[in-house]
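Heads up, the thing below is written out as structure tokens.
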Amino acid sequence: METTPDIRTGIGTDVHAFADPDSGRPMMLACLEWPGEVGLEGHSDADVVAHACCDALLAAAGLGDLGTNFGTSRPEWAGASGEALLRETLRMVNEAGFSIINVSVQVIGNRPRIGARRAEAEQRLTEIVGAPVSLAASTTDGLGFTGRGEGVAGIATALIYRPN
């Protein structure tokens with residue numbers, strides 16, 4: 001009798017406001033630095049793409065969320081890179097017996113402009129995750145905090161499986 005693998009999906013969301021332009025905080029997005037862009041405020045590097053991916057993977061595996069695992073109550077993660085959070089999330093997901101099929105993430109905001117670096121970002125995220133990661137971007141046509149240029153959001157979906 002053939003058994004079906006345990007296939008699960010998860011959704012993750014992350015949102016951060018832009019830092020003060022004089023803060024010198026670098027823009028980190030999709031585990032890449034975006035020179036010339038004002039960074040985002042956060043407990044870690046505020047990489048909304050990496051963070052949304054982490055949230056989606058954690059949710060799919062039933063391992064809580066970003067705040068539970070890496071939040072402000074965990075000072076050892078203060079200033080951590082999105083890559084470090086993503087690698088630790090992958091370790092946790094794999095330790096729970098899951099493998100990643102793919103992750104899809106969408107950035108919502110007016111800046112930075114994703115198009116010119118989309119392939120580079122997808123390649124970097126795919127290298128880290130060890131499975132295909134696709135990246136899309138959208139604006140909100142001037143609506144809401146992202147439309148007013150106050151911050152950036154990321155929404156991700158992850159597909160994982162555990163063989164039976």
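Residue numbers start at 1 in each chain; chains themselves are named A, B, ... in the order of the structure tokens; ligands are numbered from 1 in the order shown.
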
Please identify which residues in region 45-134 of chain A DSSP calls strand (DSSP E or B) from the backbone, and express them as a ChimeraX atom specification.
/A:99-108,133-134

I need the residues from that last selection saved to file as a tab-separated table (two decimals), in the first residue's frame (with all heavy atoms), if you can.
chain	number	residue	atom	x	y	z
A	99	SER	N	10.87	18.72	4.10
A	99	SER	CA	11.69	19.25	3.02
A	99	SER	C	10.87	20.33	2.32
A	99	SER	O	9.63	20.27	2.30
A	99	SER	CB	12.04	18.15	2.02
A	99	SER	OG	12.87	17.19	2.63
A	100	ILE	N	11.55	21.27	1.74
A	100	ILE	CA	10.87	22.39	1.09
A	100	ILE	C	10.70	22.09	-0.39
A	100	ILE	O	11.65	21.68	-1.06
A	100	ILE	CB	11.66	23.70	1.31
A	100	ILE	CG1	11.73	23.98	2.81
A	100	ILE	CG2	11.01	24.86	0.56
A	100	ILE	CD1	12.78	24.96	3.20
A	101	ILE	N	9.50	22.30	-0.89
A	101	ILE	CA	9.22	22.16	-2.32
A	101	ILE	C	9.47	23.49	-3.02
A	101	ILE	O	10.20	23.55	-3.99
A	101	ILE	CB	7.78	21.66	-2.57
A	101	ILE	CG1	7.61	20.26	-1.97
A	101	ILE	CG2	7.46	21.67	-4.07
A	101	ILE	CD1	6.19	19.74	-1.99
A	102	ASN	N	8.86	24.55	-2.52
A	102	ASN	CA	9.12	25.88	-3.07
A	102	ASN	C	8.56	26.96	-2.15
A	102	ASN	O	7.79	26.68	-1.23
A	102	ASN	CB	8.54	26.04	-4.48
A	102	ASN	CG	7.04	26.25	-4.48
A	102	ASN	OD1	6.32	25.59	-3.74
A	102	ASN	ND2	6.58	27.16	-5.29
A	103	VAL	N	8.99	28.19	-2.40
A	103	VAL	CA	8.49	29.37	-1.69
A	103	VAL	C	8.23	30.44	-2.74
A	103	VAL	O	9.03	30.64	-3.65
A	103	VAL	CB	9.51	29.89	-0.65
A	103	VAL	CG1	8.96	31.13	0.06
A	103	VAL	CG2	9.88	28.81	0.36
A	104	SER	N	7.10	31.13	-2.59
A	104	SER	CA	6.78	32.26	-3.44
A	104	SER	C	6.56	33.46	-2.53
A	104	SER	O	5.85	33.36	-1.52
A	104	SER	CB	5.50	31.97	-4.24
A	104	SER	OG	5.14	33.10	-4.99
A	105	VAL	N	7.18	34.58	-2.86
A	105	VAL	CA	7.07	35.76	-2.01
A	105	VAL	C	6.80	37.00	-2.86
A	105	VAL	O	7.32	37.12	-3.97
A	105	VAL	CB	8.33	35.94	-1.12
A	105	VAL	CG1	9.58	36.13	-1.95
A	105	VAL	CG2	8.17	37.06	-0.12
A	106	GLN	N	5.96	37.87	-2.33
A	106	GLN	CA	5.65	39.13	-3.01
A	106	GLN	C	6.00	40.29	-2.11
A	106	GLN	O	5.64	40.32	-0.93
A	106	GLN	CB	4.18	39.22	-3.40
A	106	GLN	CG	3.88	40.49	-4.17
A	106	GLN	CD	2.57	40.41	-4.92
A	106	GLN	OE1	1.61	39.86	-4.45
A	106	GLN	NE2	2.56	41.00	-6.10
A	107	VAL	N	6.73	41.26	-2.67
A	107	VAL	CA	7.07	42.50	-2.00
A	107	VAL	C	6.01	43.52	-2.38
A	107	VAL	O	5.67	43.65	-3.56
A	107	VAL	CB	8.46	43.02	-2.44
A	107	VAL	CG1	8.78	44.34	-1.80
A	107	VAL	CG2	9.52	42.00	-2.16
A	108	ILE	N	5.53	44.25	-1.39
A	108	ILE	CA	4.54	45.30	-1.66
A	108	ILE	C	5.13	46.62	-1.17
A	108	ILE	O	5.39	46.79	0.02
A	108	ILE	CB	3.21	45.00	-0.95
A	108	ILE	CG1	2.68	43.64	-1.38
A	108	ILE	CG2	2.19	46.11	-1.25
A	108	ILE	CD1	1.55	43.12	-0.54
A	133	VAL	N	12.72	29.55	-5.18
A	133	VAL	CA	12.04	30.70	-4.57
A	133	VAL	C	11.74	31.69	-5.67
A	133	VAL	O	12.64	32.09	-6.43
A	133	VAL	CB	12.90	31.38	-3.48
A	133	VAL	CG1	12.17	32.60	-2.91
A	133	VAL	CG2	13.26	30.40	-2.38
A	134	SER	N	10.48	32.06	-5.80
A	134	SER	CA	10.10	33.07	-6.79
A	134	SER	C	9.76	34.36	-6.07
A	134	SER	O	9.25	34.35	-4.94
A	134	SER	CB	8.92	32.59	-7.64
A	134	SER	OG	7.79	32.35	-6.83

Can you list every residue in region 15-71 of chain A that DSSP puts in helix (DSSP H, G or I), as a PyMOL selection string?
chain A and resi 48-61+66-70

Compile the contact shell of Thr3 (chain A) as a PyMOL selection string: residues with an atom at most 10 Å away, counting only C-alpha atoms, same-chain residues fewer than 3 positions apart removed.
chain A and resi 6+163-164

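Residues in contact range of Thr146 (chain A), defined as at most 7 Å between only C-alpha atoms, with sequence neighbours fewer than 4 positions away removed, read Ile108, Gly109, Asn110, Thr140, Glu150, Gly151 and Val152 of chain A.
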
Just to be explicit: take each residue in the selection above, keep all heavy atoms, and write the result as an mmCIF file, in the first residue's frame.
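Okay, again_16.cif is ready:
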data_model
loop_
_atom_site.group_PDB
_atom_site.id
_atom_site.type_symbol
_atom_site.label_atom_id
_atom_site.label_comp_id
_atom_site.auth_asym_id
_atom_site.auth_seq_id
_atom_site.Cartn_x
_atom_site.Cartn_y
_atom_site.Cartn_z
ATOM 1 N N ILE A 108 5.526 44.253 -1.394
ATOM 2 C CA ILE A 108 4.542 45.303 -1.658
ATOM 3 C C ILE A 108 5.127 46.620 -1.173
ATOM 4 O O ILE A 108 5.394 46.789 0.024
ATOM 5 C CB ILE A 108 3.210 45.005 -0.947
ATOM 6 C CG1 ILE A 108 2.683 43.642 -1.381
ATOM 7 C CG2 ILE A 108 2.191 46.108 -1.252
ATOM 8 C CD1 ILE A 108 1.554 43.124 -0.545
ATOM 9 N N GLY A 109 5.358 47.535 -2.103
ATOM 10 C CA GLY A 109 5.915 48.839 -1.769
ATOM 11 C C GLY A 109 6.325 49.578 -3.019
ATOM 12 O O GLY A 109 6.414 48.996 -4.098
ATOM 13 N N ASN A 110 6.574 50.854 -2.846
ATOM 14 C CA ASN A 110 6.979 51.699 -3.973
ATOM 15 C C ASN A 110 8.470 51.594 -4.275
ATOM 16 O O ASN A 110 8.885 51.847 -5.398
ATOM 17 C CB ASN A 110 6.641 53.165 -3.680
ATOM 18 C CG ASN A 110 5.159 53.389 -3.539
ATOM 19 O OD1 ASN A 110 4.357 52.634 -4.073
ATOM 20 N ND2 ASN A 110 4.775 54.430 -2.817
ATOM 21 N N THR A 140 0.759 49.556 -4.372
ATOM 22 C CA THR A 140 -0.662 49.623 -4.019
ATOM 23 C C THR A 140 -1.308 50.875 -4.598
ATOM 24 O O THR A 140 -2.279 51.380 -4.061
ATOM 25 C CB THR A 140 -0.849 49.577 -2.495
ATOM 26 O OG1 THR A 140 -0.082 50.628 -1.900
ATOM 27 C CG2 THR A 140 -0.419 48.239 -1.932
ATOM 28 N N GLU A 150 5.614 54.750 3.299
ATOM 29 C CA GLU A 150 5.999 54.701 4.712
ATOM 30 C C GLU A 150 6.733 53.411 5.081
ATOM 31 O O GLU A 150 7.368 53.342 6.126
ATOM 32 C CB GLU A 150 4.756 54.851 5.592
ATOM 33 C CG GLU A 150 4.062 56.183 5.410
ATOM 34 C CD GLU A 150 2.704 56.244 6.104
ATOM 35 O OE1 GLU A 150 2.358 55.303 6.860
ATOM 36 O OE2 GLU A 150 1.992 57.232 5.887
ATOM 37 N N GLY A 151 6.628 52.398 4.234
ATOM 38 C CA GLY A 151 7.270 51.132 4.545
ATOM 39 C C GLY A 151 7.087 50.125 3.436
ATOM 40 O O GLY A 151 6.608 50.460 2.342
ATOM 41 N N VAL A 152 7.462 48.892 3.728
ATOM 42 C CA VAL A 152 7.418 47.802 2.758
ATOM 43 C C VAL A 152 6.813 46.577 3.451
ATOM 44 O O VAL A 152 7.056 46.343 4.637
ATOM 45 C CB VAL A 152 8.831 47.463 2.234
ATOM 46 C CG1 VAL A 152 8.800 46.336 1.218
ATOM 47 C CG2 VAL A 152 9.495 48.696 1.629
#

Could you check the closest approach to Gly62 (chain A) for each of A:Leu32, A:Ile11, A:Pro26, A:Phe18 and tell me which residue wins, using only C-alpha atoms?
A:Ile11

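Here CA of Leu143 (chain A) stands at a distance of 21.9 Å from CA of Ala46 (chain A).
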
For region 84-86 of chain A, find every residue with an atom within 7 Å (counting only C-alpha atoms), except residues of its own chain fewer than 4 positions away, and show them as JSON, numbers by chain.
{"A": [50, 54, 80, 90]}
